[in-house]
file query-v4.cif (mmCIF, C-alpha atoms and all ligand atoms)
data_input
#
loop_
_atom_site.label_atom_id
_atom_site.label_comp_id
_atom_site.auth_asym_id
_atom_site.auth_seq_id
_atom_site.Cartn_x
_atom_site.Cartn_y
_atom_site.Cartn_z
CA MET W 578 104.64 71.41 86.77
CA LYS W 579 108.20 70.24 87.26
CA VAL W 580 109.70 68.96 90.52
CA GLY W 581 113.39 68.15 90.28
CA GLY W 582 113.15 68.27 86.49
CA LYS W 583 110.28 65.73 86.34
CA ASN W 584 106.74 66.66 85.32
CA TYR W 585 104.04 66.04 87.93
CA ARG W 586 100.36 66.59 88.29
CA THR W 587 99.06 66.67 91.86
CA ILE W 588 96.89 63.56 91.45
CA TRP W 589 97.03 60.54 89.13
CA LEU W 590 96.14 56.86 88.88
CA LYS W 591 99.00 54.47 89.62
CA GLU W 592 100.30 53.09 86.32
CA GLU W 593 100.75 49.50 87.55
CA ASP W 594 97.37 49.42 89.34
CA PRO W 595 94.73 51.96 88.25
CA ARG W 596 92.62 51.21 91.33
CA VAL W 597 95.16 53.16 93.37
CA ILE W 598 95.19 56.97 93.49
CA CYS W 599 98.52 58.77 93.92
CA ILE W 600 98.72 62.21 95.51
CA ILE W 601 101.51 64.53 96.62
CA ASP W 602 101.17 64.54 100.41
CA GLN W 603 101.30 68.29 101.02
CA ARG W 604 101.68 67.97 104.80
CA HIS W 605 105.40 67.33 104.31
CA LEU W 606 106.13 70.26 102.00
CA PRO W 607 108.35 72.21 101.63
CA HIS W 608 110.73 69.89 103.46
CA LYS W 609 109.92 66.54 101.84
CA PHE W 610 108.34 65.60 98.54
CA LEU W 611 106.34 62.44 99.31
CA ILE W 612 103.78 60.56 97.24
CA GLU W 613 100.90 58.92 99.10
CA GLU W 614 98.78 56.09 97.70
CA LEU W 615 95.04 56.01 98.44
CA HIS W 616 93.17 52.72 98.14
CA THR W 617 89.67 53.33 99.54
CA THR W 618 86.99 56.02 99.64
CA ASN W 619 87.66 56.31 103.37
CA GLU W 620 91.34 57.00 102.78
CA VAL W 621 90.37 59.65 100.23
CA ALA W 622 88.02 61.27 102.78
CA VAL W 623 90.79 61.35 105.39
CA ALA W 624 93.24 62.82 102.87
CA ILE W 625 90.82 65.68 102.14
CA ARG W 626 89.74 66.28 105.75
CA GLU W 627 93.27 66.14 107.18
CA MET W 628 94.65 68.27 104.34
CA HIS W 629 97.09 65.78 102.81
CA ILE W 630 95.75 67.55 99.75
CA ARG W 631 93.97 70.91 99.79
CA GLY W 632 92.92 73.74 97.50
CA ALA W 633 89.55 74.04 95.76
CA GLY W 634 90.30 72.40 92.41
CA LEU W 635 92.34 69.55 93.84
CA ILE W 636 89.74 68.84 96.53
CA GLY W 637 87.18 68.45 93.70
CA ALA W 638 89.40 66.21 91.58
CA THR W 639 90.35 64.06 94.58
CA ALA W 640 86.70 63.61 95.55
CA ALA W 641 85.97 62.57 91.95
CA TYR W 642 88.63 59.84 92.15
CA GLY W 643 87.17 58.91 95.55
CA MET W 644 83.81 58.32 93.86
CA TYR W 645 85.55 56.11 91.30
CA LEU W 646 86.94 53.99 94.19
CA ALA W 647 83.42 53.93 95.67
CA THR W 648 82.10 52.22 92.51
CA ILE W 649 84.80 49.52 92.82
CA GLU W 650 83.95 49.01 96.50
CA ALA W 651 80.20 49.05 95.81
CA ARG W 652 80.50 45.94 93.63
CA GLU W 653 81.13 43.89 96.81
CA LYS W 654 78.33 45.53 98.83
CA LYS W 655 74.73 44.40 99.33
CA SER W 656 73.42 47.58 97.75
CA PHE W 657 75.51 49.28 95.06
CA SER W 658 73.51 52.49 95.20
CA ASP W 659 73.51 52.73 99.02
CA HIS W 660 77.30 52.49 99.08
CA LEU W 661 77.55 55.11 96.36
CA GLN W 662 75.21 57.52 98.14
CA ASN W 663 76.97 57.00 101.50
CA SER W 664 80.36 57.59 99.89
CA ALA W 665 79.05 60.76 98.24
CA GLN W 666 77.83 62.00 101.64
CA LEU W 667 81.11 61.07 103.32
CA LEU W 668 83.18 62.91 100.72
CA LYS W 669 80.94 65.99 100.71
CA SER W 670 81.18 66.25 104.50
CA THR W 671 84.98 66.41 104.56
CA ARG W 672 85.32 70.19 104.06
CA PRO W 673 82.53 72.76 103.73
CA THR W 674 83.85 75.82 101.90
CA ALA W 675 85.26 74.85 98.49
CA VAL W 676 82.23 74.30 96.27
CA ASN W 677 84.31 72.23 93.83
CA LEU W 678 83.87 69.31 96.23
CA GLU W 679 80.08 69.14 95.95
CA TRP W 680 80.23 69.97 92.24
CA ALA W 681 82.62 67.09 91.49
CA VAL W 682 80.74 64.51 93.58
CA ASN W 683 77.40 65.46 91.94
CA ARG W 684 78.95 65.30 88.49
CA MET W 685 80.28 61.81 89.27
CA LEU W 686 76.86 60.65 90.52
CA ASP W 687 75.25 61.96 87.32
CA ALA W 688 77.80 60.24 85.10
CA ILE W 689 77.48 56.92 86.96
CA SER W 690 73.68 57.01 86.80
CA ASN W 691 73.79 57.19 83.00
CA VAL W 692 74.84 53.54 82.56
CA GLN W 693 73.23 50.34 83.85
CA SER W 694 75.63 47.48 84.64
CA VAL W 695 78.11 47.54 87.52
CA ASP W 696 81.03 47.04 85.13
CA GLU W 697 79.88 49.94 82.99
CA LYS W 698 79.46 52.12 86.09
CA ILE W 699 83.06 51.46 87.17
CA ILE W 700 84.41 52.22 83.69
CA CYS W 701 82.25 55.31 83.44
CA ALA W 702 83.35 56.56 86.92
CA LYS W 703 87.01 56.16 86.01
CA LYS W 704 86.53 58.11 82.77
CA ALA W 705 84.53 60.84 84.53
CA ALA W 706 87.16 61.30 87.27
CA ILE W 707 89.94 61.54 84.68
CA ALA W 708 87.83 64.04 82.70
CA ILE W 709 87.32 66.23 85.80
CA ALA W 710 91.07 66.22 86.49
CA ASP W 711 91.97 66.93 82.84
CA GLU W 712 89.43 69.72 82.67
CA ASP W 713 90.78 71.29 85.86
CA ALA W 714 94.30 71.34 84.38
CA ASP W 715 93.00 72.69 81.09
CA HIS W 716 90.94 75.43 82.71
CA CYS W 717 93.88 76.56 84.81
CA MET W 718 96.08 76.72 81.70
CA ASN W 719 93.48 78.98 80.05
CA ILE W 720 93.26 81.14 83.19
CA GLY W 721 96.99 81.68 82.68
CA LEU W 722 96.55 82.68 79.05
CA HIS W 723 93.79 85.18 79.88
CA GLY W 724 95.39 86.53 83.04
CA VAL W 725 98.79 87.14 81.50
CA SER W 726 97.46 90.03 79.41
CA ILE W 727 96.73 91.96 82.61
CA ILE W 728 100.32 91.49 83.75
CA GLU W 729 101.60 92.36 80.25
CA GLU W 730 99.63 95.61 80.32
CA ILE W 731 101.05 96.63 83.71
CA SER W 732 104.55 95.71 82.53
CA LYS W 733 104.08 97.99 79.48
CA GLN W 734 102.84 100.83 81.69
CA LYS W 735 105.95 100.38 83.85
CA GLN W 736 108.18 100.38 80.75
CA ASP W 737 109.26 96.80 81.37
CA GLU W 738 110.22 97.37 84.98
CA THR W 739 109.45 94.50 87.37
CA VAL W 740 105.74 93.90 88.03
CA ASN W 741 105.17 93.20 91.74
CA ILE W 742 102.28 90.82 92.39
CA LEU W 743 100.95 90.00 95.84
CA THR W 744 99.21 86.67 96.47
CA HIS W 745 97.58 85.14 99.52
CA CYS W 746 97.53 81.47 100.49
CA ASN W 747 98.27 78.83 97.85
CA ALA W 748 96.23 78.93 94.68
CA GLY W 749 99.10 77.34 92.80
CA TRP W 750 99.40 74.03 90.96
CA LEU W 751 99.36 72.25 94.33
CA ALA W 752 95.82 73.54 94.89
CA PHE W 753 94.68 72.24 91.49
CA VAL W 754 95.66 69.42 89.18
CA ASP W 755 98.22 71.57 87.33
CA HIS W 756 99.24 75.22 86.71
CA GLY W 757 97.13 76.70 89.55
CA SER W 758 94.61 79.52 89.32
CA ALA W 759 96.31 82.61 90.81
CA THR W 760 99.73 81.32 89.76
CA ALA W 761 98.80 80.41 86.17
CA PRO W 762 99.11 84.01 84.87
CA ILE W 763 102.30 84.38 86.92
CA TYR W 764 103.89 81.27 85.39
CA GLU W 765 102.78 82.36 81.92
CA ALA W 766 104.24 85.85 82.41
CA PHE W 767 107.50 84.35 83.65
CA ALA W 768 107.62 81.99 80.65
CA ARG W 769 107.16 85.00 78.33
CA GLY W 770 110.11 86.77 79.90
CA ILE W 771 108.08 89.51 81.62
CA LYS W 772 109.94 90.74 84.70
CA ILE W 773 107.88 89.79 87.75
CA HIS W 774 108.31 89.43 91.48
CA VAL W 775 105.77 87.84 93.82
CA TRP W 776 105.05 88.88 97.40
CA VAL W 777 103.94 85.67 99.14
CA ASP W 778 101.72 86.08 102.24
CA GLU W 779 102.74 83.40 104.74
CA THR W 780 99.03 82.66 105.41
CA ARG W 781 98.70 81.74 109.06
CA PRO W 782 97.81 79.38 110.58
CA ARG W 783 98.54 76.60 108.06
CA ASN W 784 101.14 78.68 106.22
CA GLN W 785 100.14 77.61 102.73
CA GLY W 786 101.93 80.66 101.33
CA ALA W 787 105.21 80.16 103.18
CA SER W 788 105.28 76.38 102.74
CA LEU W 789 103.59 75.74 99.41
CA THR W 790 103.45 78.84 97.22
CA ALA W 791 107.06 79.71 98.02
CA TRP W 792 108.14 76.11 97.30
CA GLU W 793 106.33 76.14 93.97
CA LEU W 794 107.72 79.49 92.89
CA LEU W 795 111.23 78.46 93.94
CA ASN W 796 110.94 75.24 91.89
CA GLN W 797 109.89 77.20 88.83
CA GLY W 798 112.54 79.87 89.37
CA VAL W 799 110.06 82.75 89.85
CA PRO W 800 111.51 85.61 91.98
CA HIS W 801 109.51 85.92 95.20
CA THR W 802 109.65 87.11 98.79
CA ILE W 803 107.71 85.67 101.74
CA ILE W 804 106.04 88.26 103.96
CA THR W 805 104.01 88.02 107.15
CA ASP W 806 100.28 88.33 106.62
CA ASN W 807 100.15 91.88 107.96
CA THR W 808 102.74 93.34 105.59
CA GLY W 809 100.70 93.82 102.40
CA GLY W 810 99.07 97.12 103.42
CA HIS W 811 102.44 98.71 104.14
CA LEU W 812 103.87 97.55 100.80
CA MET W 813 100.83 98.90 98.97
CA GLN W 814 101.15 102.33 100.61
CA HIS W 815 104.72 102.52 99.35
CA GLY W 816 104.09 101.60 95.71
CA MET W 817 105.62 98.15 96.10
CA VAL W 818 102.60 96.19 94.86
CA ASP W 819 101.25 96.60 91.29
CA MET W 820 98.46 94.08 91.52
CA VAL W 821 96.99 91.38 93.74
CA ILE W 822 95.91 87.97 92.43
CA THR W 823 94.30 85.44 94.74
CA GLY W 824 92.43 82.22 94.20
CA ALA W 825 88.94 81.40 95.48
CA ASP W 826 87.17 78.55 97.20
CA ARG W 827 83.64 79.64 96.27
CA VAL W 828 82.35 82.60 94.27
CA THR W 829 78.69 83.62 94.21
CA ARG W 830 76.82 84.41 91.01
CA VAL W 831 77.25 88.14 91.78
CA GLY W 832 81.01 87.86 92.38
CA ASP W 833 81.46 87.68 96.18
CA VAL W 834 84.61 85.67 96.86
CA ALA W 835 85.21 83.18 99.68
CA ASN W 836 88.94 82.61 99.98
CA LYS W 837 91.52 81.91 102.67
CA ILE W 838 91.13 83.97 105.84
CA GLY W 839 92.81 87.36 105.41
CA THR W 840 91.91 87.82 101.76
CA TYR W 841 89.26 90.42 102.65
CA LEU W 842 91.81 92.61 104.46
CA LYS W 843 94.10 92.51 101.40
CA ALA W 844 91.20 93.56 99.20
CA LEU W 845 90.40 96.49 101.51
CA ALA W 846 94.01 97.63 101.51
CA ALA W 847 94.18 97.28 97.71
CA LYS W 848 91.01 99.37 97.28
CA ASP W 849 92.37 102.09 99.57
CA ASN W 850 95.58 102.24 97.54
CA HIS W 851 93.97 102.00 94.06
CA ILE W 852 95.69 98.70 93.35
CA PRO W 853 93.89 96.18 91.10
CA PHE W 854 92.66 93.15 93.00
CA TYR W 855 92.01 90.11 90.77
CA VAL W 856 90.60 86.71 91.67
CA ALA W 857 91.43 83.72 89.46
CA LEU W 858 89.11 80.71 89.38
CA PRO W 859 87.89 77.91 87.16
CA SER W 860 84.10 77.85 86.62
CA SER W 861 83.80 74.84 88.96
CA THR W 862 84.37 77.34 91.80
CA PHE W 863 81.21 79.35 91.06
CA ASP W 864 78.27 78.55 93.30
CA TRP W 865 75.48 79.46 90.88
CA LYS W 866 72.79 78.96 93.53
CA ILE W 867 73.80 81.80 95.83
CA SER W 868 74.06 85.59 95.61
CA ASP W 869 75.07 86.78 99.08
CA GLY W 870 78.48 85.46 100.02
CA ILE W 871 78.53 86.78 103.56
CA LYS W 872 75.14 85.35 104.50
CA GLU W 873 75.15 82.18 102.46
CA ILE W 874 78.67 80.74 102.46
CA GLN W 875 79.44 78.37 105.29
CA ILE W 876 82.92 79.16 106.59
CA GLU W 877 84.98 76.25 107.89
CA GLU W 878 86.13 76.50 111.50
CA ARG W 879 89.13 74.33 112.15
CA ASN W 880 90.87 73.03 115.26
CA SER W 881 92.26 75.79 117.50
CA ASP W 882 95.52 73.85 117.83
CA GLU W 883 96.39 75.04 114.31
CA VAL W 884 96.60 78.56 115.80
CA LYS W 885 98.22 77.61 119.09
CA TYR W 886 100.96 75.42 117.66
CA ILE W 887 103.36 76.01 114.82
CA SER W 888 105.37 73.27 113.18
CA GLY W 889 108.58 73.36 111.20
CA LEU W 890 111.96 71.82 110.57
CA CYS W 891 114.26 71.77 113.58
CA ASP W 892 117.59 69.88 113.59
CA GLY W 893 116.43 67.84 110.61
CA GLU W 894 113.13 66.85 112.23
CA ILE W 895 109.60 68.26 111.91
CA LYS W 896 108.62 69.62 115.32
CA LYS W 897 105.38 71.11 116.63
CA ILE W 898 105.76 73.95 119.09
CA LEU W 899 103.21 75.67 121.37
CA ILE W 900 103.34 79.46 120.84
CA THR W 901 100.45 80.60 123.08
CA PRO W 902 99.58 80.21 126.75
CA GLU W 903 98.40 76.63 127.01
CA ASN W 904 95.02 77.57 128.46
CA SER W 905 94.09 80.48 126.17
CA ASN W 906 91.24 79.93 123.75
CA ALA W 907 91.95 80.32 120.04
CA ALA W 908 89.52 80.68 117.14
CA ASN W 909 90.37 79.31 113.71
CA TYR W 910 88.14 80.54 110.90
CA GLY W 911 89.53 79.10 107.68
CA PHE W 912 88.07 81.54 105.15
CA ASP W 913 86.48 84.96 104.74
CA VAL W 914 84.31 86.62 102.13
CA THR W 915 85.48 89.54 100.00
CA PRO W 916 82.46 91.43 98.66
CA ALA W 917 82.32 91.75 94.86
CA ARG W 918 82.64 95.56 95.06
CA LEU W 919 86.29 95.14 96.15
CA VAL W 920 87.19 92.83 93.26
CA THR W 921 88.58 94.44 90.09
CA GLY W 922 87.95 91.38 87.94
CA LEU W 923 87.58 87.61 87.83
CA ILE W 924 90.03 85.64 85.68
CA THR W 925 88.32 82.49 84.41
CA GLU W 926 89.02 79.88 81.74
CA ARG W 927 86.73 81.78 79.37
CA GLY W 928 88.24 85.21 79.93
CA VAL W 929 88.34 88.10 82.41
CA CYS W 930 85.05 89.63 83.59
CA ASN W 931 83.72 92.15 86.06
CA ALA W 932 82.74 90.75 89.45
CA THR W 933 79.05 91.40 88.78
CA GLU W 934 76.20 89.09 87.89
CA LYS W 935 76.09 90.56 84.38
CA GLY W 936 79.84 90.24 83.85
CA ILE W 937 79.84 86.62 85.01
CA VAL W 938 76.71 85.52 83.18
CA ASP W 939 77.89 87.18 79.94
CA LEU W 940 80.85 84.75 80.05
CA PHE W 941 78.72 81.80 81.19
CA PRO W 942 75.38 82.39 79.42
CA GLU W 943 74.25 78.81 80.17
CA GLN W 944 73.89 79.92 83.83
CA LYS W 945 71.41 82.76 83.11
O1 LIG H 1001 92.38 75.39 103.40
P1 LIG H 1001 92.92 75.21 102.04
O2 LIG H 1001 94.40 75.16 101.95
O3 LIG H 1001 92.24 74.11 101.26
O4 LIG H 1001 92.49 76.59 101.41
C1 LIG H 1001 92.21 76.79 100.12
C2 LIG H 1001 93.19 77.64 99.52
O5 LIG H 1001 94.25 77.18 99.18
C3 LIG H 1001 92.95 79.05 99.32
O6 LIG H 1001 91.87 79.59 99.90
C4 LIG H 1001 93.15 79.38 97.87
O7 LIG H 1001 93.45 80.70 97.75
C5 LIG H 1001 91.98 79.03 97.01
S1 LIG H 1001 91.93 77.39 96.61
C6 LIG H 1001 92.52 77.42 95.02
#
call {"tool": "encode", "arguments": {"input": "query-v4.cif", "output": "structure tokens"}}
result
Amino acid sequence: MKVGGKNYRTIWLKEEDPRVICIIDQRHLPHKFLIEELHTTNEVAVAIREMHIRGAGLIGATAAYGMYLATIEAREKKSFSDHLQNSAQLLKSTRPTAVNLEWAVNRMLDAISNVQSVDEKIICAKKAAIAIADEDADHCMNIGLHGVSIIEEISKQKQDETVNILTHCNAGWLAFVDHGSATAPIYEAFARGIKIHVWVDETRPRNQGASLTAWELLNQGVPHTIITDNTGGHLMQHGMVDMVITGADRVTRVGDVANKIGTYLKALAAKDNHIPFYVALPSSTFDWKISDGIKEIQIEERNSDEVKYISGLCDGEIKKILITPENSNAANYGFDVTPARLVTGLITERGVCNATEKGIVDLFPEQK
């Protein structure tokens, strides 16, 4: 996507030195657009854990590049395979919910194990990481092409009046390598001249909606309005939302969706108001091993300071401000699970399907 007229992906290898990974450091957005360079597997692990980058697809792609750096580092170690295994463990332990992380690291380990010499392993790891990133961008583009027909249909029903779409958190290009999942159909609709407007949930406590989704939409010129997280139900009751599209961090084989905390409440409100609730995801976000999202998905609990403090731009400086009594406890669950029965459909790179095991497996028959 474009920033200041220049095309960017969210992660790439430095042109002058392809042993260096470049990322957009999302901690500074929307106020500053800064590129960070990562040189070691450890730096990659910190970038994922401390949310310099975040979002399911991008976490996976970043971990893949981290494994590529691990092969370079492993050359200097006593045991190549021990360093590789330890790096894989380190990267997998950075964040628990987005399944793309484990998927990407395992895919890298598989690719690296297919060749023998150290030099071949490094070359193979580099190719595999680039392939994972390219695939992520490609899949998101296809999600856009499939998802746009849903928006087109609603636009027709409304006789070309504005289609109002509500989204939660950031499942935009910043959460992937390009295009985004939830935003891909939105960008495609906008490019086709369909009249759209996006309600952007601020998404406390990290405010991915207010800081990232809004910044993205503004850059692309898509009309949008930021709302507090509790506003969606009211808008739905008053006919001001035509559809909801969110992303996902992990989806079970029966269609239960783990996504940013608060997604479940939006799905309940959408159901009560007969508003279609779609979830957009690339297939790397399916966890084919599990069927019960509520019982089986580990939900990340983050530092309570993220709830107690809020940070923002004040007199030209980023400041962090305490908004609670200092000694109150705060709980910070990062995600929740929306049961499949509340999901109208899943928008994937292969098409749109029902959030049921049959619907999903019909699109991905290799997972039967
Ligand atoms: O904690 P984050 O920012 O990594 O959370 C992930 C998300 O951005 C959302 O849950 C998103 O909707 C799905 S990730 C594409």
call {"tool": "residues_around", "arguments": {"input": "query-v4.cif", "residues": "W:Asp849", "least_positions_apart": "4", "cutoff": "10 Å", "atoms": "only C-alpha atoms", "output": "mmCIF file with C-alpha atoms, in the coordinates of the input"}}
result
data_model
loop_
_atom_site.group_PDB
_atom_site.id
_atom_site.type_symbol
_atom_site.label_atom_id
_atom_site.label_comp_id
_atom_site.auth_asym_id
_atom_site.auth_seq_id
_atom_site.Cartn_x
_atom_site.Cartn_y
_atom_site.Cartn_z
ATOM 1 C CA GLY W 810 99.070 97.120 103.420
ATOM 2 C CA MET W 813 100.830 98.900 98.970
ATOM 3 C CA GLN W 814 101.150 102.330 100.610
ATOM 4 C CA LYS W 843 94.100 92.510 101.400
ATOM 5 C CA ALA W 844 91.200 93.560 99.200
ATOM 6 C CA LEU W 845 90.400 96.490 101.510
ATOM 7 C CA LEU W 919 86.290 95.140 96.150
#
call {"tool": "atom_distance", "arguments": {"input": "query-v4.cif", "atom1": "atom CA of W:Thr862", "atom2": "atom CA of W:Lys583"}}
result
28.9 Å
call {"tool": "residues_around", "arguments": {"input": "query-v4.cif", "residues": "W:Ile803", "least_positions_apart": "3", "cutoff": "9 Å", "atoms": "all atoms listed in the file", "output": "number ranges by chain"}}
result
W: 775-779, 786-787, 791
call {"tool": "residues_around", "arguments": {"input": "query-v4.cif", "residues": "W:Ser670", "least_positions_apart": "2", "cutoff": "10 Å", "atoms": "all atoms listed in the file", "output": "list in words"}}
result
Ala622, Ile625, Arg626, Ser664, Ala665, Gln666, Leu667, Leu668, Arg672, Pro673, Leu678 and Glu679 of chain W
call {"tool": "write_last_selection", "arguments": {"input": "query-v4.cif", "atoms": "C-alpha atoms", "output": "compact mmCIF listing (two decimals), in the coordinates of the input"}}
result
# COMPACT_ATOMS: atom_id res chain seq x y z
CA ALA W 622 88.02 61.27 102.78
CA ILE W 625 90.82 65.68 102.14
CA ARG W 626 89.74 66.28 105.75
CA SER W 664 80.36 57.59 99.89
CA ALA W 665 79.05 60.76 98.24
CA GLN W 666 77.83 62.00 101.64
CA LEU W 667 81.11 61.07 103.32
CA LEU W 668 83.18 62.91 100.72
CA ARG W 672 85.32 70.19 104.06
CA PRO W 673 82.53 72.76 103.73
CA LEU W 678 83.87 69.31 96.23
CA GLU W 679 80.08 69.14 95.95
call {"tool": "residues_near_ligand", "arguments": {"input": "query-v4.cif", "ligand": "ligand LIG 1001 (chain H)", "cutoff": "8 Å", "atoms": "only C-alpha atoms and all ligand atoms", "output": "number ranges by chain"}}
result
W: 628, 630-636, 675, 745-749, 752-753, 757-759, 783, 785, 823-826, 835-838, 858, 911-912
call {"tool": "closest_residue", "arguments": {"input": "query-v4.cif", "among": "W:Ile876, W:Ile924, W:Ala647, W:Leu606", "to": "W:Val725", "atoms": "all atoms listed in the file"}}
result
W:Ile924
call {"tool": "closest_residue", "arguments": {"input": "query-v4.cif", "among": "W:Leu646, W:Ile822, W:Ala857, W:Ile731", "to": "W:Ile699", "atoms": "only C-alpha atoms"}}
result
W:Leu646
call {"tool": "closest_residue", "arguments": {"input": "query-v4.cif", "among": "W:Ala705, W:Phe854, W:Ile728, W:His815", "to": "W:Thr744", "atoms": "all atoms listed in the file"}}
result
W:Phe854
call {"tool": "residues_near_point", "arguments": {"input": "query-v4.cif", "point": "(94.8, 81.5, 79.2)", "cutoff": "12 Å", "atoms": "all atoms listed in the file", "output": "PyMOL selection string"}}
result
chain W and resi 714-727+756-766+857-859+924-929
call {"tool": "residues_near_point", "arguments": {"input": "query-v4.cif", "point": "(79.9, 52.5, 97.8)", "cutoff": "10 Å", "atoms": "all atoms listed in the file", "output": "PyMOL selection string"}}
result
chain W and resi 617-618+643-665
call {"tool": "residues_around", "arguments": {"input": "query-v4.cif", "residues": "W:Cys701", "least_positions_apart": "6", "cutoff": "9 Å", "atoms": "only C-alpha atoms", "output": "MDAnalysis selection string"}}
result
chainID W and resid 645 685 688:689 691:692
call {"tool": "residues_around", "arguments": {"input": "query-v4.cif", "residues": "W:Val818", "least_positions_apart": "5", "cutoff": "7 Å", "atoms": "only C-alpha atoms", "output": "JSON, numbers by chain"}}
result
{"W": [741, 742, 743, 812, 813]}
call {"tool": "closest_residue", "arguments": {"input": "query-v4.cif", "among": "W:Asp602, W:Glu793, W:Asp892, W:Asp864", "to": "W:Val676", "atoms": "all atoms listed in the file"}}
result
W:Asp864
call {"tool": "atom_distance", "arguments": {"input": "query-v4.cif", "atom1": "atom CA of W:Val828", "atom2": "atom CA of W:Ala640"}}
result
19.5 Å
call {"tool": "closest_residue", "arguments": {"input": "query-v4.cif", "among": "W:Leu795, W:Lys848, W:Ile871, W:Thr790", "to": "W:Thr921", "atoms": "only C-alpha atoms"}}
result
W:Lys848
call {"tool": "axis_aligned_box", "arguments": {"input": "query-v4.cif", "around": "stretch 791-797 of chain W", "padding_each_side": "3 Å", "output": "lines of an AutoDock Vina configuration file"}}
result
center_x = 108.8
center_y = 77.5
center_z = 93.4
size_x = 10.9
size_y = 10.5
size_z = 15.2
call {"tool": "closest_residue", "arguments": {"input": "query-v4.cif", "among": "W:Gly839, W:Glu613, W:Phe863, W:Val920", "to": "W:Met820", "atoms": "all atoms listed in the file"}}
result
W:Val920
call {"tool": "atom_distance", "arguments": {"input": "query-v4.cif", "atom1": "atom CA of W:Val821", "atom2": "atom CA of W:Tyr855"}}
result
5.9 Å
